Amino acid sequence: MNFKSKGKNLAKKFINKYAGYYYRPTVDMELNGDEIIIKTHKRVMPNSFIEIKHRSSGKRVVRPIKSSTAIFSVSELMDMTQKGILDVYFKVKMNNIFFKKRVFFTSHNQFFKAISYENNLVLISYRTNFGNLSIRIKDIDFDYSITELKVIEDNKILIKGTFSLLNEDINSIDKVTIIANHRRDSQSNVFDLNFNVNESNSRQYEFEGIIDDIKSSSERILDLRMDFFIRIYDDDIYYQSIIDLSTFKYFENDEDRFLIKINDGDMVYSYYATENKHSLALWITTESAWMRSYTIACGRTIYTNASKNKLNEKMIFFESFFGKSYAGNPKYLYETMLEMGMDKEYTFVWAYSGDDKDVIPGNPIIVDRFEPGDYYKYLALSKYWINNIIFPIHTKRPGNVYLQTWHGTPLKKLGYDITIPGPEVQGRENFYNESRNWDYLISSNPYSTEIFKRAFKYEKEVLEDGYPINDIFFKDNTEFVKDLKSKLGIDENKKIILYAPTWKDDEQNESWQHYFNLEIDLERLYEEFSDEYVVILKMHHLVSENLRIDEKLKDFAIDLSGYDDIQELYVLSDILITDYSSVFFDYAHSRRPILFFVPDLNHYIENVRGLYLNMEKELPGPLIKDNDELINIIRNIDEVSREYSEKYDEFYERFCSLCKGDSAKRIIEKIFK
């Protein structure tokens, strides 16, 4: 280590030990004429500075902090750029080395706004996706404030406010309206407002009006979201701005954004301030969906408050499939930790909302993701996070170590690789924000590593050690299979066909709930194979509740969609039938037959999400287009297996060869060494 690096590390250790402010710098912002006064909340070290940097150009202004205060001017920031984003940093200089940290967005800087009437520009503070303070500079034709927003008789929304004209080209106001734009399409609702000019200033106005009777051109009004704009008309010309609530109310806690809730039969009309932007929006949804979102909001407040406590260096927080299952890579890592005796040194916390808490061995603390309280408290306190999907918190604490295990080898395109519009595109920003927190990502093969890095824009360490879930295939499972068949009431002499299809992005009903068309013919399979086989159906959790099986097939076709651990069903089964689900990558570790039932192959490839592999050339089993072909292939399964043996071996080498039965142990030793 050279002297410069050594000095930098020593300085950083000193800052970490003596300057807790460095981790969570917070400031007040005030406007006094042209001066922007920034005051720190805590006493700072000597040689401390505030830096304001233009995000695009890199231009910056730096001021020393004297008596906890740094002073800038509106004009110098506007001279730096006419529009764009300015990020605010706290800086410390030690041994001629600068350390800097983003300043946090809080109530103390939320209401900052400065207006340049000469340039029709406004500087306004806002919260970034990661909770930091930035300043947006933008053009405005009129400045406005909301002064009142409340429910009145018959569930109508009364809105009041003021606005001032900045654009000299606006001569007179003929009409003022609120526009409610649907996010799903181009439809709008229009609400006229009453307005009056200020007697002492002809450029200032007051307005008020009613928002009610929301209409949609779509029958799928459930889960509709609308954004509200204020629009002023000068003759045939109009000027418009989204309704910003950041100067209307202080959103100290995330749940404060839920402004108004109106129950109308089975639907909830929720008026809220959007995250980060704090603009006015409406969400039409169900009571249960609203409650889930509100619970997360309350939990984030608990997380923030609990984060004031010291991290527990010996606490590990596990979650799998949104806390609904005890399964996946987190389960197999956890059980290996128990085998290694790590429970004597570490406290384990499991997020699990299932009914049978005894399914989790050992003696972990069990918390429920769908209840705020302990879930968010322990998430804030745990140094180590292990998950296979996503947490409801996107901002981890300094010192957190986040192991993202993921949950499959990708066949369908992921994240930023998706080009076809759909729910995965709409939700990928959440995964982008989440992946900024990952310290380690597990991969089962080089193919996955390449895709994950690109699709999630992930640049940190990838542990290419195979998936812990697949260690199960390298054990003697004879007694386990016998016991599981007995537990499920299956004749131990019967062979098992596991049917595990994916959910499809384009299958939604009128309530925007996913449905599933069961394309395999269970009755024909029953007629042909009931003496030899039992079919287990493991549907994706997004569609499983809509599955219906005829009563006469109950002993032949068993719905185990609610069975937590599909890995155990892999071990139990003799044949896998799937479609576009990535389950076959894991199942291939068993070297048992895999059949791909894909009657809609062309439609799926062209219209749904897109695939990474050429299914007609690279899969270890046949593509089946109808039930006649499916029955014939099952009838001749040994012959089909021999036909695909060479392709199966190539597939195994490419996708499965990293797993030797000790993936979990290797990963644990790398992170907890």
# chains A, B, ... in the order shown; residues from 1 in each chain; ligands from 1
$ residues_around --residues "Val349 (chain A)" --least-positions-apart "4" --cutoff "7 Å" --atoms "only C-alpha atoms" --output "count of residues only"
6
$ select_by_dssp --residues "region 464-629 of chain A" --states "strand (DSSP E or B)" --output "list in words"
Glu464, Lys495, Ile496, Ile497, Leu498, Tyr499, Gln508, His514, Tyr533, Val534, Val535, Ile536, Leu537, Ala557, Ile558, Asp559, Ile575, Leu576, Ile577, Thr578, Ile594, Leu595, Phe596, Phe597, Leu611, Leu623 and Ile624 of chain A
$ write_last_selection --atoms "C-alpha atoms" --output "compact mmCIF listing (two decimals), in the first residue's frame"
# COMPACT_ATOMS: atom_id res chain seq x y z
CA GLU A 464 -20.38 -17.61 -9.86
CA LYS A 495 -44.30 -41.87 -11.07
CA ILE A 496 -44.69 -38.11 -10.99
CA ILE A 497 -45.15 -35.60 -13.81
CA LEU A 498 -44.55 -32.05 -12.60
CA TYR A 499 -46.32 -29.33 -14.61
CA GLN A 508 -54.75 -10.03 -17.46
CA HIS A 514 -53.37 -12.19 -13.95
CA TYR A 533 -48.48 -41.44 -13.23
CA VAL A 534 -49.73 -38.65 -10.99
CA VAL A 535 -49.61 -35.06 -12.27
CA ILE A 536 -48.54 -32.33 -9.83
CA LEU A 537 -49.45 -28.79 -10.86
CA ALA A 557 -54.03 -34.08 -10.81
CA ILE A 558 -52.85 -32.54 -7.54
CA ASP A 559 -52.61 -28.78 -7.19
CA ILE A 575 -40.71 -35.75 -15.75
CA LEU A 576 -41.00 -31.96 -15.94
CA ILE A 577 -43.45 -30.21 -18.27
CA THR A 578 -43.01 -26.46 -18.55
CA ILE A 594 -37.91 -32.08 -19.66
CA LEU A 595 -40.82 -31.40 -22.04
CA PHE A 596 -41.73 -27.95 -23.35
CA PHE A 597 -45.47 -27.53 -23.97
CA LEU A 611 -36.29 -14.79 -25.03
CA LEU A 623 -41.09 -28.42 -28.16
CA ILE A 624 -44.68 -29.67 -28.07
$ atom_distance --atom1 "CA of Phe248 (chain A)" --atom2 "CA of Phe195 (chain A)"
18.9 Å
$ residues_around --residues "Ser307 (chain A)" --least-positions-apart "2" --cutoff "8 Å" --atoms "only C-alpha atoms" --output "ChimeraX atom specification"
/A:303-305,309-311,380-381,397
$ select_by_dssp --residues "region 238-459 of chain A" --states "alpha helix (DSSP H)" --output "PyMOL selection string"
chain A and resi 287-306+328-339+373-381+423-435+446-455
$ residues_around --residues "region 68-82 of chain A" --least-positions-apart "3" --cutoff "8 Å" --atoms "only C-alpha atoms" --output "list in words"
Asp34, Glu35, Ile36, Ile37, Ile38, Lys39, Thr40, His41, Lys42, Arg43, Val44, Phe49, Ile50, His54, Lys59, Arg60, Val61, Arg63, Pro64, Ile65, Ala114, Leu121, Ile137 and Lys138 of chain A
$ write_last_selection --atoms "C-alpha atoms" --output "short mmCIF file (atom, residue, chain, number, x, y, z; two decimals), in the first residue's frame"
data_model
loop_
_atom_site.label_atom_id
_atom_site.label_comp_id
_atom_site.auth_asym_id
_atom_site.auth_seq_id
_atom_site.Cartn_x
_atom_site.Cartn_y
_atom_site.Cartn_z
CA ASP A 34 -30.52 36.67 -3.56
CA GLU A 35 -28.72 34.70 -0.84
CA ILE A 36 -29.24 30.97 -0.32
CA ILE A 37 -28.30 30.25 3.31
CA ILE A 38 -27.41 26.62 4.06
CA LYS A 39 -27.03 25.71 7.73
CA THR A 40 -25.75 22.37 8.99
CA HIS A 41 -27.61 20.63 11.82
CA LYS A 42 -24.55 19.50 13.71
CA ARG A 43 -21.21 20.95 14.51
CA VAL A 44 -18.86 20.02 11.69
CA PHE A 49 -17.61 22.57 2.78
CA ILE A 50 -20.91 22.52 0.93
CA HIS A 54 -24.62 20.59 -11.92
CA LYS A 59 -19.80 22.62 -13.07
CA ARG A 60 -19.76 23.30 -9.36
CA VAL A 61 -19.73 25.98 -6.67
CA ARG A 63 -18.38 27.30 -0.10
CA PRO A 64 -16.65 26.72 3.26
CA ILE A 65 -18.88 26.07 6.27
CA ALA A 114 -36.41 30.66 -5.35
CA LEU A 121 -36.99 30.31 -13.85
CA ILE A 137 -33.97 24.58 -12.16
CA LYS A 138 -36.77 24.83 -14.70
#
$ atom_distance --atom1 "CA of Leu158 (chain A)" --atom2 "CA of Ile230 (chain A)"
14.1 Å
$ closest_residue --among "A:Ser382, A:Thr395, A:Ser573, A:Ser320" --to "Gly131 (chain A)" --atoms "only C-alpha atoms"
A:Thr395
